[in-house]
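Shown next: coords.cif, containing mmCIF, C-alpha atoms (C1' of nucleotides).
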data_run
loop_
_atom_site.label_atom_id
_atom_site.label_comp_id
_atom_site.auth_asym_id
_atom_site.auth_seq_id
_atom_site.Cartn_x
_atom_site.Cartn_y
_atom_site.Cartn_z
CA MET A 22 5.62 -25.47 54.52
CA ASN A 23 8.84 -26.80 53.12
CA ASP A 24 12.53 -26.23 53.57
CA CYS A 25 12.60 -22.72 52.28
CA GLY A 26 9.66 -21.80 54.46
CA LYS A 27 7.23 -21.19 51.64
CA LYS A 28 4.00 -22.92 50.81
CA LYS A 29 3.84 -24.91 47.62
CA LEU A 30 1.81 -23.71 44.64
CA ILE A 31 1.30 -24.90 41.09
CA ILE A 32 0.34 -22.40 38.43
CA ILE A 33 -1.00 -23.36 35.04
CA ALA A 34 -1.14 -20.31 32.81
CA GLY A 35 -1.03 -19.60 29.09
CA PRO A 36 -2.97 -17.94 26.31
CA THR A 37 -6.63 -18.45 25.65
CA ALA A 38 -7.59 -21.74 23.96
CA VAL A 39 -4.27 -23.42 24.67
CA GLY A 40 -5.84 -26.14 26.82
CA LYS A 41 -5.38 -25.04 30.42
CA THR A 42 -8.64 -26.36 31.81
CA ASP A 43 -8.24 -29.95 30.75
CA LEU A 44 -4.68 -30.18 31.99
CA SER A 45 -5.43 -28.55 35.33
CA VAL A 46 -8.27 -30.95 36.09
CA ARG A 47 -6.15 -33.97 35.25
CA LEU A 48 -3.38 -32.70 37.46
CA ALA A 49 -5.78 -31.95 40.30
CA LYS A 50 -7.14 -35.49 40.12
CA LYS A 51 -3.69 -36.95 40.26
CA LEU A 52 -2.65 -34.80 43.20
CA ASP A 53 -6.06 -34.94 44.92
CA THR A 54 -6.25 -31.17 45.22
CA GLU A 55 -8.36 -28.14 44.26
CA ILE A 56 -8.25 -25.49 41.57
CA VAL A 57 -8.31 -21.71 41.95
CA SER A 58 -9.14 -19.82 38.78
CA ALA A 59 -7.00 -16.87 37.73
CA ASP A 60 -9.35 -15.47 35.13
CA SER A 61 -10.69 -11.93 35.20
CA MET A 62 -13.93 -12.77 33.39
CA GLN A 63 -14.89 -16.18 34.76
CA VAL A 64 -15.60 -14.49 38.07
CA TYR A 65 -18.89 -13.24 36.64
CA ARG A 66 -22.04 -15.32 36.95
CA GLY A 67 -24.01 -15.93 33.79
CA MET A 68 -21.01 -15.58 31.52
CA ASP A 69 -20.27 -19.21 30.79
CA ILE A 70 -20.00 -19.94 27.08
CA GLY A 71 -18.02 -16.87 26.10
CA THR A 72 -15.47 -17.20 28.89
CA ALA A 73 -15.06 -20.93 28.19
CA LYS A 74 -15.86 -21.61 31.83
CA VAL A 75 -15.37 -25.17 33.06
CA THR A 76 -18.59 -27.15 33.00
CA LYS A 77 -19.75 -29.39 35.83
CA GLU A 78 -18.77 -32.47 33.82
CA GLU A 79 -15.33 -31.11 32.99
CA MET A 80 -14.68 -30.45 36.67
CA CYS A 81 -14.85 -34.19 37.37
CA GLY A 82 -15.68 -33.47 40.97
CA ILE A 83 -12.65 -31.28 41.54
CA PRO A 84 -13.56 -28.19 43.59
CA HIS A 85 -13.07 -24.97 41.60
CA HIS A 86 -12.75 -21.55 43.24
CA MET A 87 -12.90 -17.92 42.09
CA ILE A 88 -15.49 -18.74 39.46
CA ASP A 89 -18.97 -17.16 39.63
CA VAL A 90 -18.07 -15.00 42.59
CA CYS A 91 -19.97 -11.88 41.54
CA GLU A 92 -22.65 -10.45 39.25
CA PRO A 93 -21.71 -9.02 35.84
CA GLY A 94 -22.58 -5.44 36.76
CA CYS A 95 -20.42 -5.27 39.86
CA ASP A 96 -16.98 -3.76 40.34
CA PHE A 97 -14.36 -6.42 40.50
CA ASN A 98 -10.64 -5.80 40.18
CA VAL A 99 -7.16 -7.08 40.96
CA PHE A 100 -7.42 -5.99 44.54
CA SER A 101 -10.63 -7.92 45.19
CA TYR A 102 -9.22 -10.87 43.34
CA ARG A 103 -6.00 -10.97 45.29
CA GLU A 104 -7.81 -10.76 48.62
CA MET A 105 -10.28 -13.51 47.83
CA ALA A 106 -7.94 -15.84 45.99
CA LYS A 107 -5.28 -15.63 48.68
CA LYS A 108 -7.80 -16.90 51.23
CA LYS A 109 -8.72 -19.78 48.94
CA LEU A 110 -5.09 -20.76 48.52
CA ASP A 111 -4.58 -20.60 52.28
CA ASP A 112 -7.60 -22.82 52.90
CA ILE A 113 -6.39 -25.47 50.47
CA GLN A 114 -2.86 -25.36 51.81
CA ASP A 115 -4.20 -25.70 55.36
CA LYS A 116 -5.72 -28.99 54.26
CA GLY A 117 -2.25 -30.15 53.38
CA LYS A 118 -2.85 -29.89 49.65
CA ILE A 119 -0.95 -28.09 46.90
CA PRO A 120 -3.40 -25.72 45.19
CA ILE A 121 -3.42 -25.31 41.42
CA LEU A 122 -3.83 -21.74 40.23
CA CYS A 123 -5.14 -21.92 36.68
CA GLY A 124 -5.96 -19.09 34.30
CA GLY A 125 -4.82 -16.61 31.71
CA THR A 126 -4.94 -13.27 33.51
CA GLY A 127 -1.27 -12.50 34.05
CA PHE A 128 -1.97 -9.40 36.06
CA TYR A 129 -3.98 -11.36 38.62
CA ILE A 130 -1.41 -14.15 38.84
CA GLN A 131 1.37 -11.65 39.38
CA ALA A 132 -0.53 -9.84 42.13
CA LEU A 133 -0.97 -13.12 43.97
CA LEU A 134 2.43 -14.68 43.37
CA TYR A 135 4.40 -11.60 44.39
CA ASP A 136 1.97 -10.23 46.94
CA ILE A 137 1.69 -6.85 45.24
CA ASP A 138 0.28 -4.16 47.51
CA PHE A 139 -2.58 -2.27 45.89
CA ARG A 140 -3.53 -0.30 49.03
CA GLU A 141 -6.85 -0.74 50.64
CA GLU A 142 -8.59 2.52 49.87
CA GLY A 143 -9.93 1.22 46.62
CA PRO A 144 -11.01 3.20 43.60
CA ASN A 145 -12.22 6.70 44.29
CA GLU A 146 -15.00 6.97 41.72
CA GLU A 147 -15.78 10.65 42.19
CA LEU A 148 -12.16 11.68 41.78
CA ARG A 149 -11.71 9.42 38.77
CA ALA A 150 -14.81 10.81 37.11
CA GLN A 151 -13.57 14.33 37.76
CA LEU A 152 -10.17 13.57 36.23
CA HIS A 153 -11.68 11.86 33.21
CA LYS A 154 -13.78 14.95 32.70
CA ILE A 155 -10.65 17.07 32.53
CA ALA A 156 -9.23 14.76 29.88
CA GLU A 157 -12.41 15.03 27.85
CA GLU A 158 -12.92 18.76 28.14
CA LYS A 159 -9.38 20.12 28.24
CA GLY A 160 -7.54 17.28 26.56
CA LYS A 161 -5.37 14.38 27.58
CA GLU A 162 -2.26 16.54 27.53
CA GLU A 163 -3.73 18.85 30.15
CA LEU A 164 -4.50 15.92 32.45
CA TRP A 165 -1.03 14.54 31.90
CA ARG A 166 0.51 17.87 32.92
CA ILE A 167 -1.27 17.61 36.25
CA LEU A 168 0.49 14.31 36.84
CA ARG A 169 3.81 15.67 35.64
CA ASP A 170 3.65 18.43 38.23
CA VAL A 171 3.16 16.06 41.16
CA ASP A 172 4.97 12.93 39.98
CA PRO A 173 7.30 13.50 37.01
CA GLU A 174 8.54 9.94 37.00
CA ALA A 175 5.07 8.48 36.71
CA ALA A 176 4.34 10.95 33.92
CA LYS A 177 7.41 9.71 32.13
CA ALA A 178 6.28 6.11 32.49
CA HIS A 179 2.76 6.73 31.22
CA PRO A 180 2.13 8.55 27.93
CA ALA A 181 -0.55 11.21 27.91
CA GLY A 182 -2.68 8.93 25.75
CA ASP A 183 -2.94 6.36 28.50
CA VAL A 184 -5.64 8.24 30.39
CA LYS A 185 -6.52 5.25 32.55
CA ARG A 186 -3.08 5.04 34.12
CA VAL A 187 -2.57 8.80 34.29
CA VAL A 188 -5.81 9.03 36.24
CA ARG A 189 -4.76 6.23 38.55
CA ALA A 190 -1.39 7.86 39.22
CA ILE A 191 -3.00 11.20 40.09
CA GLU A 192 -5.57 9.44 42.23
CA PHE A 193 -2.85 7.61 44.09
CA TYR A 194 -1.01 10.81 44.84
CA ARG A 195 -4.12 12.69 45.97
CA VAL A 196 -5.35 9.86 48.20
CA HIS A 197 -2.08 8.73 49.74
CA GLY A 198 0.08 11.83 49.48
CA GLU A 199 2.75 9.53 48.06
CA LYS A 200 4.02 9.26 44.52
CA ILE A 201 2.89 6.13 42.75
CA SER A 202 6.28 5.97 41.06
CA ASP A 203 7.92 5.60 44.49
CA HIS A 204 5.37 2.99 45.51
CA ASN A 205 5.88 1.06 42.30
CA LYS A 206 9.62 1.02 42.79
CA LYS A 207 9.12 -0.70 46.13
CA GLU A 208 6.65 -3.21 44.74
CA GLU A 209 8.82 -3.92 41.74
CA LYS A 210 11.51 -5.37 43.99
CA LYS A 211 9.07 -8.06 45.07
CA LEU A 212 9.01 -9.40 41.52
CA ALA A 213 12.42 -10.94 42.06
CA GLU A 214 11.18 -13.40 44.64
CA PRO A 215 7.84 -15.29 44.59
CA CYS A 216 6.02 -15.68 47.91
CA TYR A 217 5.38 -19.33 47.18
CA ASP A 218 7.48 -22.37 46.45
CA VAL A 219 6.03 -22.29 42.96
CA ARG A 220 6.03 -24.33 39.79
CA PHE A 221 4.79 -21.77 37.28
CA PHE A 222 3.88 -23.52 34.03
CA VAL A 223 3.07 -21.52 30.93
CA LEU A 224 1.38 -23.59 28.26
CA TYR A 225 2.03 -22.57 24.68
CA ARG A 226 1.97 -23.89 21.15
CA GLU A 227 2.89 -22.71 17.68
CA GLN A 228 1.13 -19.43 16.91
CA LYS A 229 -0.51 -20.61 13.70
CA GLU A 230 -1.93 -23.62 15.47
CA LEU A 231 -3.12 -21.59 18.44
CA TYR A 232 -4.86 -19.08 16.19
CA GLN A 233 -6.64 -21.92 14.42
CA ARG A 234 -7.81 -23.28 17.77
CA ILE A 235 -9.08 -19.82 18.69
CA ASP A 236 -11.09 -19.51 15.46
CA ASP A 237 -12.55 -22.99 15.95
CA ARG A 238 -13.46 -22.29 19.52
CA VAL A 239 -15.25 -19.06 18.64
CA ASP A 240 -17.30 -20.94 16.04
CA ARG A 241 -18.12 -23.58 18.64
CA MET A 242 -19.18 -20.92 21.15
CA MET A 243 -21.58 -19.45 18.60
CA LYS A 244 -23.12 -22.88 18.04
CA GLU A 245 -23.42 -23.42 21.76
CA GLY A 246 -25.52 -20.26 22.08
CA LEU A 247 -23.17 -17.41 22.92
CA LEU A 248 -25.54 -14.96 21.26
CA GLU A 249 -28.36 -16.06 23.58
CA GLU A 250 -26.10 -15.63 26.57
CA VAL A 251 -25.26 -12.08 25.52
CA LYS A 252 -28.92 -11.28 24.82
CA GLU A 253 -29.72 -12.38 28.35
CA LEU A 254 -27.11 -10.05 29.84
CA VAL A 255 -28.22 -7.15 27.68
CA SER A 256 -31.86 -7.69 28.63
CA ARG A 257 -30.85 -7.66 32.27
CA GLY A 258 -29.55 -4.16 31.65
CA ILE A 259 -25.87 -4.85 32.34
CA PRO A 260 -24.21 -1.58 31.34
CA MET A 261 -21.96 -1.65 28.29
CA GLU A 262 -19.22 0.16 30.22
CA SER A 263 -19.01 -2.47 32.94
CA THR A 264 -15.90 -4.59 33.04
CA ALA A 265 -17.87 -7.74 32.38
CA MET A 266 -19.31 -6.38 29.16
CA GLN A 267 -15.79 -5.56 27.96
CA ALA A 268 -15.12 -9.28 27.70
CA ILE A 269 -14.29 -10.61 24.28
CA GLY A 270 -17.34 -12.16 22.69
CA TYR A 271 -19.76 -10.17 24.82
CA ARG A 272 -18.67 -6.72 23.75
CA GLN A 273 -18.83 -7.51 20.04
CA LEU A 274 -22.14 -9.36 20.14
CA ALA A 275 -23.73 -6.66 22.28
CA ALA A 276 -22.66 -4.16 19.63
CA HIS A 277 -24.26 -6.34 16.98
CA LEU A 278 -27.50 -6.57 18.96
CA LYS A 279 -27.58 -2.78 19.05
CA GLY A 280 -27.30 -2.75 15.27
CA ALA A 281 -23.73 -1.49 15.09
CA CYS A 282 -22.63 -4.32 12.81
CA SER A 283 -23.71 -7.59 11.23
CA LEU A 284 -23.46 -10.87 13.09
CA GLU A 285 -20.76 -12.01 10.72
CA GLU A 286 -18.71 -8.89 11.33
CA ALA A 287 -19.08 -9.35 15.07
CA VAL A 288 -17.84 -12.94 14.91
CA THR A 289 -14.85 -11.93 12.79
CA LYS A 290 -14.05 -9.24 15.34
CA ILE A 291 -14.30 -11.74 18.20
CA LYS A 292 -11.74 -13.91 16.48
CA SER A 293 -9.24 -11.14 15.79
CA ASP A 294 -9.65 -9.64 19.26
CA SER A 295 -9.04 -13.09 20.73
CA ARG A 296 -5.84 -13.44 18.74
CA HIS A 297 -4.63 -10.07 19.95
CA TYR A 298 -5.52 -11.02 23.45
CA ALA A 299 -3.58 -14.27 23.22
CA LYS A 300 -0.60 -12.27 22.03
CA ARG A 301 -0.76 -9.92 24.97
CA GLN A 302 -1.12 -12.79 27.41
CA LEU A 303 2.08 -14.30 26.06
CA THR A 304 4.05 -11.06 26.31
CA TRP A 305 2.93 -10.80 29.91
CA PHE A 306 4.19 -14.26 30.83
CA LYS A 307 7.44 -13.75 28.94
CA ARG A 308 8.42 -11.07 31.42
CA ASP A 309 8.20 -13.42 34.38
CA LYS A 310 11.51 -15.08 35.09
CA ASN A 311 10.12 -17.92 37.18
CA THR A 312 8.15 -19.66 34.47
CA ILE A 313 8.47 -23.13 32.99
CA TRP A 314 7.33 -23.16 29.37
CA ILE A 315 5.45 -26.21 28.14
CA ASP A 316 4.81 -26.85 24.44
CA THR A 317 1.37 -28.41 24.16
CA GLY A 318 1.65 -28.93 20.44
CA LYS A 319 3.89 -31.95 20.69
CA GLY A 320 1.90 -34.75 22.25
CA ASP A 321 0.53 -34.90 25.78
CA PRO A 322 2.45 -32.51 28.07
CA PHE A 323 1.04 -34.07 31.23
CA ASP A 324 4.06 -36.20 32.07
CA GLU A 325 6.47 -33.38 31.39
CA ILE A 326 4.60 -31.21 33.87
CA CYS A 327 4.62 -33.97 36.48
CA ARG A 328 8.36 -34.35 36.12
CA HIS A 329 8.83 -30.75 37.20
CA LEU A 330 6.91 -31.25 40.42
CA TRP A 331 8.45 -31.90 43.79
"C1'" U B 9 -14.99 -1.97 -32.45
"C1'" G B 10 -14.04 2.82 -30.94
"C1'" G B 11 -13.85 6.07 -26.73
"C1'" U B 12 -13.51 8.00 -21.46
"C1'" C B 13 -11.62 7.33 -16.64
"C1'" C B 14 -8.55 4.89 -13.11
"C1'" A B 15 -3.73 2.52 -11.33
"C1'" U B 16 0.10 5.09 -4.48
"C1'" A B 17 1.27 0.39 2.11
"C1'" G B 18 -2.02 -6.29 2.74
"C1'" U B 19 -6.84 -3.13 2.25
"C1'" U B 20 -9.57 1.80 1.78
"C1'" C B 21 -8.01 6.44 0.43
"C1'" A B 22 -4.82 11.44 0.62
"C1'" G B 23 -0.83 14.20 -1.95
"C1'" U B 24 3.30 16.67 -4.71
"C1'" G B 25 7.90 18.58 -10.95
"C1'" G B 26 12.44 18.52 -5.44
"C1'" C B 27 12.42 13.75 2.05
"C1'" A B 28 5.32 10.19 -0.34
"C1'" G B 29 0.80 10.95 4.38
"C1'" A B 30 -3.62 8.89 7.07
"C1'" A B 31 -6.99 5.22 8.50
"C1'" U B 32 -7.34 0.13 8.97
"C1'" G B 33 -4.95 -4.58 9.14
"C1'" G B 34 -0.55 -7.54 10.24
"C1'" U B 35 3.85 -7.68 13.65
"C1'" G B 36 6.47 -6.56 18.28
"C1'" G B 37 6.16 -4.46 23.06
"C1'" U B 38 4.32 -1.86 27.80
"C1'" C B 39 1.41 -2.80 32.13
"C1'" U B 40 1.27 -2.49 40.13
"C1'" C B 41 -7.02 -1.21 41.73
"C1'" C B 42 -11.44 -1.23 34.77
"C1'" A B 43 -6.35 -5.85 32.66
"C1'" A B 44 -10.52 -10.42 27.84
"C1'" A B 45 -9.13 -3.41 29.60
"C1'" A B 46 -5.97 0.61 28.26
"C1'" C B 47 -1.62 2.20 25.87
"C1'" C B 48 3.07 2.49 22.88
"C1'" A B 49 6.47 1.40 18.82
"C1'" A B 50 8.70 -0.03 14.41
"C1'" A B 51 7.81 -2.21 9.70
"C1'" G B 52 5.25 -1.79 5.07
"C1'" G B 53 4.03 1.75 -1.15
"C1'" C B 54 4.00 5.42 -6.16
"C1'" G B 55 1.71 -1.32 -12.02
"C1'" A B 56 5.89 -1.92 -16.30
"C1'" G B 57 8.68 0.76 -19.89
"C1'" U B 58 10.33 5.00 -22.93
"C1'" G B 59 10.64 10.21 -23.45
"C1'" U B 60 10.72 15.71 -21.73
"C1'" U B 61 13.53 17.77 -17.49
"C1'" C B 62 19.12 19.51 -13.49
"C1'" G B 63 15.38 16.38 -11.22
"C1'" A B 64 9.26 12.49 -12.86
"C1'" U B 65 5.23 9.08 -8.18
"C1'" U B 66 3.47 13.85 -10.54
"C1'" C B 67 3.95 15.92 -17.47
"C1'" A B 68 3.73 13.06 -22.59
"C1'" C B 69 3.64 8.40 -25.16
"C1'" U B 70 3.51 2.87 -25.26
"C1'" C B 71 2.23 -1.50 -22.73
"C1'" U B 72 -0.36 -4.24 -18.89
"C1'" G B 73 -4.49 -4.58 -15.64
"C1'" G B 74 -9.36 -2.77 -14.10
"C1'" A B 75 -14.14 0.21 -14.39
"C1'" C B 76 -17.67 2.56 -17.44
"C1'" C B 77 -19.74 4.10 -22.17
"C1'" U B 78 -20.37 2.51 -27.31
"C1'" G B 79 -23.32 -0.73 -33.24
#
What would the structure in this file look like if it were written as structure tokens?
Amino acid sequence: MNDCGKKKLIIIAGPTAVGKTDLSVRLAKKLDTEIVSADSMQVYRGMDIGTAKVTKEEMCGIPHHMIDVCEPGCDFNVFSYREMAKKKLDDIQDKGKIPILCGGTGFYIQALLYDIDFREEGPNEELRAQLHKIAEEKGKEELWRILRDVDPEAAKAHPAGDVKRVVRAIEFYRVHGEKISDHNKKEEKKLAEPCYDVRFFVLYREQKELYQRIDDRVDRMMKEGLLEEVKELVSRGIPMESTAMQAIGYRQLAAHLKGACSLEEAVTKIKSDSRHYAKRQLTWFKRDKNTIWIDTGKGDPFDEICRHLW
RNA sequence: UGGUCCAUAGUUCAGUGGCAGAAUGGUGGUCUCCAAAACCAAAGGCGAGUGUUCGAUUCACUCUGGACCUG
């Protein structure tokens, strides 16, 4: 606890392949602390190469949390993440240390930093399946009209094409009897004030350079045996629709293994999907007003980061 | 050498004598329980020239480029 009554937290975020892992470990060594991952795909066991998971050597003895916490087939989401990661942060802070939250999943970081309430009921699979069926059989517009009738504001916020969110909004209303648009308005206010005394670093570098690093890293992953890793998951029968198999690198290679495209085409797709992903990560972080942007393309940013600390 | 066909967005293709469309890619953005997911938006074009015509991307001719056929 400090003067403003909040616990201290360091966040190292940024797009894929920008160099988060290396920097976070160095910082953790200097501060003698622990790292909590904020990555939606590194939570899955057996997905190491493609998610660029830290290796034992790279960890340098620094404890890492929220990595390998579940099996690839299981349901994992923001809610589970927030619950588990919050406990980890508490534990580290109880030891008198400043935890480092490191990762590229903006949604997960936001949920944790602003304590977003996702409600405890969890996904209602039967209802979701039923609503998806309506979209398939009667059309997305029809499903959207159902939402418009109960929560016009949410319908306005989500186009009919965004079935995933339309379903969620209807689900929310049916389960809680409350409009998700009202709920979101309340949660949105939290975004103004972080729950931690935070130093939120976003690593970046010139787009051209970053894209080159992404291409190089994908090539390296292939050499390191990404295809074997995907084969293993496929042979274990991990369903293609599972969140884990949606991961970049896995999805495309699984498609190749099923004969949908050549290996070369799959690799090209992995690269372009990674670039798009990096772009989306950046737009996510741009919206957050509490960030400190660090250019990693101009020498070692380590000292600059340290200067921003308490 | 002679002949036939083709030329429209970065790419693959629609189309019309009267505002030129799609897919894909590239770019930007949205996001409150699948988020490495899902979704949205704007941008971008008739190879060059001459003629016919009120008006040509469309018709005719020339040129350029490409594909195919041809002693």
Exercise for the section: Neighbourhood query: residues within 8 Å of (-4.2, -26.6, 43.9), file coordinates, counting all atoms listed in the file; return as a PyMOL selection string. Expected result: chain A and resi 30-31+49+54-57+110+113+118-122
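Note that CA of Gly270 in chain A and CA of Ile291 in chain A are 5.4 Å apart.
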Problem - Who sits within 8 Å of range 9-21 of chain B, all atoms listed in the file, same chain under 2 positions skipped, as a PyMOL selection string - result: chain B and resi 31-34+52-55+65+74-78
Exercise for the section: For the structure shown, which residues end up in the PyMOL selection byres ((chain B) within 10 of (chain A))? Put them as JSON, numbers by chain, please? Expected result: {"B": [36, 37, 38, 39, 40, 41, 42, 43, 44, 45, 46, 47, 48]}
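Atom to atom, CA of Thr289 in chain A and CA of Asp316 in chain A stand 27.3 Å apart.
Between CA of Val219 in chain A and CA of Ile33 in chain A the separation is 10.6 Å.
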Practice task
Name every residue that the PyMOL selection byres ((chain A and resi 65) around 9) selects in this structure, writing the answer as a ChimeraX atom specification with chains first and numbers rising.
Solution key: /A:61-64,66-69,88-95,265
If we count only C-alpha atoms (C1' of nucleotides), what is near U70 in chain B at a cut-off of 12 Å, once residues fewer than 6 positions away on the same chain are taken out, given as a PDB file with C-alpha atoms (C1' of nucleotides), keeping the file's coordinate frame?
ATOM      1  C1'   A B  56       5.890  -1.920 -16.300  1.00  0.00           C
ATOM      2  C1'   G B  57       8.680   0.760 -19.890  1.00  0.00           C
ATOM      3  C1'   U B  58      10.330   5.000 -22.930  1.00  0.00           C
ATOM      4  C1'   G B  59      10.640  10.210 -23.450  1.00  0.00           C
TER       5        G B  59
END
Handout entry: Residue neighbourhood G26 in chain B, 12 Å, all atoms listed in the file, exclusion window fewer than 5 positions, as number ranges by chain
Key = B: 62-64, 66
Problem - Distance criterion (all atoms listed in the file): nearest to Ser45 in chain A out of A:Lys107, A:Gln228, A:Phe222, A:Lys159 - result: A:Phe222
Fill in the blank from the handout: Closest of A:Leu148, A:Val223, A:Ile70, A:Met80 to Asp309 in chain A, counting all atoms listed in the file, is A:Val223
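Evaluating the PyMOL selection byres ((chain A and resi 326) around 12) against the shown model yields A:Ile31, A:Ile32, A:Ile33, A:Leu44, A:Ser45, A:Arg47, A:Leu48, A:Lys51, A:Arg220, A:Phe221, A:Phe222, A:Val223, A:Leu224, A:Ile313, A:Trp314, A:Ile315, A:Asp316, A:Thr317, A:Asp321, A:Pro322, A:Phe323, A:Asp324, A:Glu325, A:Cys327, A:Arg328, A:His329, A:Leu330, A:Trp331.
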Handout entry: Residue among A:Ser293, A:Cys282, A:Ala213, A:Val187 lying closest to Gln233 in chain A, counting all atoms listed in the file
Key = A:Ser293
